[in-house]
$ cat my_file_18.cif   # mmCIF, C-alpha atoms
data_protein
#
loop_
_atom_site.label_atom_id
_atom_site.label_comp_id
_atom_site.auth_asym_id
_atom_site.auth_seq_id
_atom_site.Cartn_x
_atom_site.Cartn_y
_atom_site.Cartn_z
CA MET A 1 12.88 -7.78 77.91
CA ILE A 2 10.38 -9.48 80.13
CA PRO A 3 7.20 -10.68 78.33
CA GLY A 4 3.99 -8.98 79.48
CA ARG A 5 5.84 -6.14 81.16
CA ASP A 6 5.87 -2.54 79.98
CA HIS A 7 9.30 -1.21 79.09
CA GLY A 8 8.37 2.43 78.48
CA PHE A 9 11.47 4.56 78.46
CA THR A 10 11.84 7.84 80.29
CA ASP A 11 14.29 10.66 79.96
CA GLN A 12 14.81 12.60 83.18
CA GLY A 13 11.35 11.63 84.47
CA VAL A 14 9.49 12.59 81.29
CA SER A 15 7.52 9.83 79.57
CA LEU A 16 8.45 9.37 75.97
CA MET A 17 6.00 8.99 73.13
CA VAL A 18 6.72 5.36 72.33
CA SER A 19 6.16 2.57 74.80
CA VAL A 20 7.79 -0.80 74.26
CA SER A 21 5.97 -3.82 75.66
CA MET A 22 6.00 -7.55 75.06
CA GLU A 23 2.58 -9.16 75.08
CA THR A 24 0.54 -11.86 73.42
CA ALA A 25 -1.92 -11.02 70.65
CA GLU A 26 -4.77 -11.51 73.12
CA GLN A 27 -3.17 -9.16 75.66
CA ALA A 28 -2.63 -6.54 72.96
CA GLU A 29 -6.26 -6.83 71.84
CA GLN A 30 -7.51 -6.35 75.41
CA ARG A 31 -5.17 -3.41 76.02
CA LEU A 32 -6.12 -1.66 72.76
CA ARG A 33 -9.83 -2.10 73.46
CA ARG A 34 -9.24 -0.31 76.78
CA VAL A 35 -7.23 2.39 74.99
CA ILE A 36 -10.00 3.11 72.45
CA ALA A 37 -12.65 3.11 75.20
CA GLN A 38 -10.68 5.70 77.22
CA ALA A 39 -9.69 7.94 74.31
CA ASP A 40 -11.54 11.17 73.53
CA LEU A 41 -13.22 10.62 70.16
CA VAL A 42 -14.29 13.54 67.95
CA VAL A 43 -16.00 13.20 64.57
CA HIS A 44 -15.16 16.31 62.56
CA ASP A 45 -17.92 17.91 60.51
CA GLY A 46 -17.73 18.32 56.79
CA VAL A 47 -15.70 16.97 53.93
CA TRP A 48 -11.91 17.23 54.05
CA CYS A 49 -9.16 17.13 51.44
CA PHE A 50 -5.46 17.62 50.94
CA GLU A 51 -4.31 20.83 49.25
CA GLU A 52 -0.84 20.69 47.74
CA SER A 53 1.74 23.37 47.11
CA PRO A 54 5.36 23.28 45.90
CA ALA A 55 8.07 22.59 48.49
CA ASP A 56 9.44 26.12 48.09
CA GLN A 57 5.99 27.64 48.82
CA PRO A 58 4.85 26.52 52.30
CA PRO A 59 1.08 26.76 52.79
CA GLY A 60 -0.50 29.31 55.06
CA LEU A 61 -1.84 27.97 58.31
CA THR A 62 -5.45 28.74 59.13
CA ARG A 63 -7.72 27.87 62.01
CA GLU A 64 -9.23 25.12 59.85
CA THR A 65 -5.90 23.46 58.97
CA LEU A 66 -5.63 20.12 60.79
CA ALA A 67 -2.23 18.98 59.55
CA VAL A 68 0.64 19.93 57.27
CA VAL A 69 3.28 17.51 56.00
CA ARG A 70 5.80 17.58 53.21
CA ASP A 71 8.04 15.45 51.11
CA GLN A 72 10.93 16.54 48.90
CA GLU A 73 8.64 18.05 46.25
CA SER A 74 5.48 19.40 47.86
CA TRP A 75 3.58 20.45 50.94
CA SER A 76 0.27 18.79 51.75
CA ARG A 77 -2.27 20.56 53.96
CA LEU A 78 -5.38 18.82 55.40
CA VAL A 79 -8.27 21.29 55.25
CA PRO A 80 -12.04 21.45 54.71
CA LEU A 81 -13.02 20.94 51.09
CA THR A 82 -14.04 24.26 49.56
CA GLN A 83 -14.02 23.44 45.83
CA GLU A 84 -14.54 20.28 43.84
CA GLY A 85 -11.68 19.54 41.51
CA ASP A 86 -10.22 16.84 39.35
CA GLY A 87 -8.44 14.23 41.39
CA VAL A 88 -9.32 15.75 44.78
CA GLU A 89 -10.07 12.93 47.19
CA ARG A 90 -12.88 13.57 49.69
CA PHE A 91 -12.39 12.39 53.25
CA GLY A 92 -14.28 12.16 56.50
CA ILE A 93 -12.16 12.87 59.57
CA PHE A 94 -12.29 11.64 63.14
CA SER A 95 -9.74 12.00 65.88
CA PHE A 96 -8.56 10.49 69.14
CA HIS A 97 -6.77 12.16 72.05
CA PHE A 98 -5.24 9.54 74.29
CA ALA A 99 -5.05 9.77 78.04
CA ASP A 100 -1.70 10.49 79.66
CA GLN A 101 0.40 7.45 80.59
CA VAL A 102 -1.67 5.08 78.42
CA ASP A 103 0.26 2.60 76.29
CA ASN A 104 -1.35 3.10 72.88
CA SER A 105 1.48 1.40 70.99
CA GLY A 106 0.12 -0.58 68.05
CA PHE A 107 -3.16 1.35 68.01
CA VAL A 108 -2.88 2.64 64.45
CA GLY A 109 -2.21 -0.78 62.94
CA TRP A 110 -4.84 -2.43 65.13
CA LEU A 111 -7.66 -0.02 64.26
CA ALA A 112 -6.62 0.26 60.60
CA THR A 113 -6.81 -3.53 60.35
CA HIS A 114 -10.29 -3.59 61.91
CA LEU A 115 -11.49 -0.93 59.46
CA LYS A 116 -9.96 -2.75 56.48
CA VAL A 117 -11.56 -6.06 57.48
CA GLU A 118 -14.97 -4.54 58.31
CA LEU A 119 -15.25 -1.96 55.52
CA GLY A 120 -12.69 -2.95 52.91
CA THR A 121 -11.06 0.47 53.06
CA GLY A 122 -7.69 1.79 53.96
CA VAL A 123 -7.27 4.94 56.03
CA PHE A 124 -4.70 7.63 56.57
CA VAL A 125 -3.50 8.73 59.98
CA VAL A 126 -1.71 11.91 61.00
CA CYS A 127 -0.35 11.94 64.54
CA GLY A 128 0.70 14.78 66.79
CA SER A 129 1.46 15.52 70.40
CA ASN A 130 -0.10 17.88 72.94
CA ARG A 131 1.54 17.26 76.32
CA ALA A 132 -0.91 19.61 78.04
CA ARG A 133 -3.72 17.24 77.03
CA GLY A 134 -2.07 13.92 77.78
CA GLY A 135 0.21 13.49 74.81
CA ILE A 136 -0.48 11.75 71.52
CA TYR A 137 -3.44 12.45 69.28
CA ASP A 138 -4.41 11.01 65.89
CA TYR A 139 -6.44 12.37 63.00
CA TRP A 140 -7.95 9.55 60.94
CA GLY A 141 -9.21 9.96 57.38
CA CYS A 142 -11.39 7.61 55.40
CA PRO A 143 -13.43 8.00 52.21
CA ILE A 144 -16.29 10.38 53.07
CA ASP A 145 -18.88 7.85 51.90
CA LEU A 146 -17.65 5.39 54.56
CA LEU A 147 -17.35 7.78 57.50
CA ASP A 148 -20.61 6.74 59.20
CA GLN A 149 -19.69 3.07 58.87
CA ALA A 150 -16.16 3.69 60.16
CA ILE A 151 -17.54 5.49 63.20
CA ALA A 152 -19.93 2.59 63.82
CA VAL A 153 -16.94 0.20 63.88
CA VAL A 154 -15.08 2.52 66.25
CA ARG A 155 -18.08 2.81 68.59
CA THR A 156 -18.52 -0.96 68.64
CA LEU A 157 -14.86 -1.39 69.61
CA ARG A 158 -15.24 1.27 72.34
CA VAL A 159 -18.00 -0.68 74.13
CA SER A 160 -16.81 -4.25 73.62
#

$ encode --input "my_file_18.cif" --output "structure tokens"
Amino acid sequence: MIPGRDHGFTDQGVSLMVSVSMETAEQAEQRLRRVIAQADLVVHDGVWCFEESPADQPPGLTRETLAVVRDQESWSRLVPLTQEGDGVERFGIFSFHFADQVDNSGFVGWLATHLKVELGTGVFVVCGSNRARGGIYDYWGCPIDLLDQAIAVVRTLRVS
């Protein structure tokens, strides 16, 4: 591979989700600052949580459901918090839709690192794809008490 050159792969003229590029740390930082500045950012209202159900009982999908994932034992559905309960973590959610043909490779690790350094918190990220809207999108969750601070970090990165 040639350093500094994008090696995105295509299949019959269709861009694939993952772009492979070789670049210096400084080049990656500059590229990812452009990516975050160009992305559509939405801060989702309310408090969010994961609801779990056994693997043999898939959850119902509602208009409010943002994501559903599973492991070998259970389903996990990301939804607005409706009831307080023991052990239910409370999250704030924000999302990014990325422009078509933008190399956002490394974005999750880059932004998660910035948030960890600035706020001391980890995050969770659920990714999806909507080709009609450019491709990849990410839902980001952080502790609800840190949402405003997380968004401040994101907005600073978007203008710098």

$ resolve_selection --input "my_file_18.cif" --expression "the PyMOL selection byres ((chain A and resi 125) around 12)" --output "PyMOL selection string"
chain A and resi 66-67+69+78+91-96+107-109+111-112+122-124+126-128+137-142

$ resolve_selection --input "my_file_18.cif" --expression "the PyMOL selection byres ((chain A and resi 75) around 6)" --output "ChimeraX atom specification"
/A:52-53,55,69-70,74,76

$ closest_residue --input "my_file_18.cif" --among "A:Glu51, A:Glu29, A:Asp145, A:Asp45" --to "Gln83 of chain A" --atoms "only C-alpha atoms"
A:Glu51

$ closest_residue --input "my_file_18.cif" --among "A:Arg33, A:Ser160, A:Met22, A:Val47" --to "Glu89 of chain A" --atoms "all atoms listed in the file"
A:Val47

$ resolve_selection --input "my_file_18.cif" --expression "the PyMOL selection byres ((chain A and resi 135) around 10)" --output "JSON list (two decimals) with C-alpha atoms, keeping the file's coordinate frame"
[["chain", "number", "residue", "atom", "x", "y", "z"],
["A", 15, "SER", "CA", 7.52, 9.83, 79.57],
["A", 16, "LEU", "CA", 8.45, 9.37, 75.97],
["A", 17, "MET", "CA", 6.00, 8.99, 73.13],
["A", 97, "HIS", "CA", -6.77, 12.16, 72.05],
["A", 98, "PHE", "CA", -5.24, 9.54, 74.29],
["A", 99, "ALA", "CA", -5.05, 9.77, 78.04],
["A", 100, "ASP", "CA", -1.70, 10.49, 79.66],
["A", 101, "GLN", "CA", 0.40, 7.45, 80.59],
["A", 102, "VAL", "CA", -1.67, 5.08, 78.42],
["A", 128, "GLY", "CA", 0.70, 14.78, 66.79],
["A", 129, "SER", "CA", 1.46, 15.52, 70.40],
["A", 130, "ASN", "CA", -0.10, 17.88, 72.94],
["A", 131, "ARG", "CA", 1.54, 17.26, 76.32],
["A", 132, "ALA", "CA", -0.91, 19.61, 78.04],
["A", 133, "ARG", "CA", -3.72, 17.24, 77.03],
["A", 134, "GLY", "CA", -2.07, 13.92, 77.78],
["A", 136, "ILE", "CA", -0.48, 11.75, 71.52],
["A", 137, "TYR", "CA", -3.44, 12.45, 69.28]]

$ residues_near_point --input "my_file_18.cif" --point "(-18.4, -0.8, 54.6)" --cutoff "8 Å" --atoms "all atoms listed in the file" --output "compact mmCIF listing (two decimals) with C-alpha atoms, keeping the file's coordinate frame"
# COMPACT_ATOMS: atom_id res chain seq x y z
CA GLU A 118 -14.97 -4.54 58.31
CA LEU A 119 -15.25 -1.96 55.52
CA GLY A 120 -12.69 -2.95 52.91
CA THR A 121 -11.06 0.47 53.06
CA LEU A 146 -17.65 5.39 54.56
CA GLN A 149 -19.69 3.07 58.87
CA ALA A 150 -16.16 3.69 60.16

$ closest_residue --input "my_file_18.cif" --among "A:Val42, A:Leu115, A:Leu147, A:Val35" --to "Arg90 of chain A" --atoms "only C-alpha atoms"
A:Leu147

$ atom_distance --input "my_file_18.cif" --atom1 "atom CA of Arg31 of chain A" --atom2 "atom CA of His114 of chain A"
15.0 Å

$ atom_distance --input "my_file_18.cif" --atom1 "atom CA of Gln27 of chain A" --atom2 "atom CA of Asp103 of chain A"
12.3 Å

$ closest_residue --input "my_file_18.cif" --among "A:Gln38, A:Ile151, A:Ile144, A:Arg77" --to "Thr62 of chain A" --atoms "only C-alpha atoms"
A:Arg77

$ atom_distance --input "my_file_18.cif" --atom1 "atom CA of Pro80 of chain A" --atom2 "atom CA of Thr113 of chain A"
26.1 Å

$ build_atoms --input "my_file_18.cif" --residues "segment 20-40 of chain A" --atoms "N, CA, C and O atoms" --output "compact mmCIF listing (two decimals), keeping the file's coordinate frame"
# COMPACT_ATOMS: atom_id res chain seq x y z
N VAL A 20 7.40 0.51 74.76
CA VAL A 20 7.79 -0.80 74.26
C VAL A 20 7.28 -1.83 75.25
O VAL A 20 7.60 -1.76 76.44
N SER A 21 6.48 -2.77 74.77
CA SER A 21 5.97 -3.82 75.66
C SER A 21 5.92 -5.13 74.90
O SER A 21 5.75 -5.16 73.69
N MET A 22 6.10 -6.20 75.63
CA MET A 22 6.00 -7.55 75.06
C MET A 22 4.71 -8.14 75.59
O MET A 22 4.49 -8.19 76.79
N GLU A 23 3.85 -8.60 74.66
CA GLU A 23 2.58 -9.16 75.08
C GLU A 23 2.07 -10.10 74.00
O GLU A 23 2.50 -10.04 72.86
N THR A 24 1.15 -10.96 74.40
CA THR A 24 0.54 -11.86 73.42
C THR A 24 -0.46 -11.06 72.58
O THR A 24 -0.85 -9.93 72.94
N ALA A 25 -0.90 -11.67 71.49
CA ALA A 25 -1.92 -11.02 70.65
C ALA A 25 -3.20 -10.76 71.45
O ALA A 25 -3.83 -9.71 71.30
N GLU A 26 -3.57 -11.69 72.30
CA GLU A 26 -4.77 -11.51 73.12
C GLU A 26 -4.60 -10.37 74.12
O GLU A 26 -5.53 -9.58 74.34
N GLN A 27 -3.43 -10.27 74.73
CA GLN A 27 -3.17 -9.16 75.66
C GLN A 27 -3.20 -7.83 74.94
O GLN A 27 -3.75 -6.85 75.45
N ALA A 28 -2.62 -7.78 73.74
CA ALA A 28 -2.63 -6.54 72.96
C ALA A 28 -4.06 -6.15 72.60
O ALA A 28 -4.43 -4.97 72.70
N GLU A 29 -4.86 -7.10 72.18
CA GLU A 29 -6.26 -6.83 71.84
C GLU A 29 -7.01 -6.25 73.04
O GLU A 29 -7.72 -5.24 72.91
N GLN A 30 -6.85 -6.85 74.19
CA GLN A 30 -7.51 -6.35 75.41
C GLN A 30 -7.04 -4.95 75.76
O GLN A 30 -7.84 -4.07 76.09
N ARG A 31 -5.72 -4.73 75.68
CA ARG A 31 -5.17 -3.41 76.02
C ARG A 31 -5.69 -2.35 75.05
O ARG A 31 -6.12 -1.27 75.46
N LEU A 32 -5.69 -2.66 73.75
CA LEU A 32 -6.12 -1.66 72.76
C LEU A 32 -7.62 -1.39 72.83
O LEU A 32 -8.05 -0.27 72.55
N ARG A 33 -8.40 -2.36 73.24
CA ARG A 33 -9.83 -2.10 73.46
C ARG A 33 -10.02 -1.15 74.65
O ARG A 33 -10.91 -0.30 74.63
N ARG A 34 -9.18 -1.26 75.67
CA ARG A 34 -9.24 -0.31 76.78
C ARG A 34 -8.79 1.08 76.32
O ARG A 34 -9.38 2.09 76.69
N VAL A 35 -7.74 1.12 75.50
CA VAL A 35 -7.23 2.39 74.99
C VAL A 35 -8.31 3.13 74.20
O VAL A 35 -8.56 4.31 74.42
N ILE A 36 -8.99 2.44 73.27
CA ILE A 36 -10.00 3.11 72.45
C ILE A 36 -11.20 3.54 73.30
O ILE A 36 -11.79 4.58 73.05
N ALA A 37 -11.53 2.75 74.32
CA ALA A 37 -12.65 3.11 75.20
C ALA A 37 -12.35 4.36 76.02
O ALA A 37 -13.24 5.17 76.29
N GLN A 38 -11.08 4.56 76.39
CA GLN A 38 -10.68 5.70 77.22
C GLN A 38 -10.36 6.95 76.42
O GLN A 38 -10.34 8.05 76.98
N ALA A 39 -10.11 6.80 75.14
CA ALA A 39 -9.69 7.94 74.31
C ALA A 39 -10.86 8.90 74.08
O ALA A 39 -12.03 8.48 74.03
N ASP A 40 -10.54 10.18 73.94
CA ASP A 40 -11.54 11.17 73.53
C ASP A 40 -11.70 11.06 72.03
O ASP A 40 -10.74 11.26 71.28
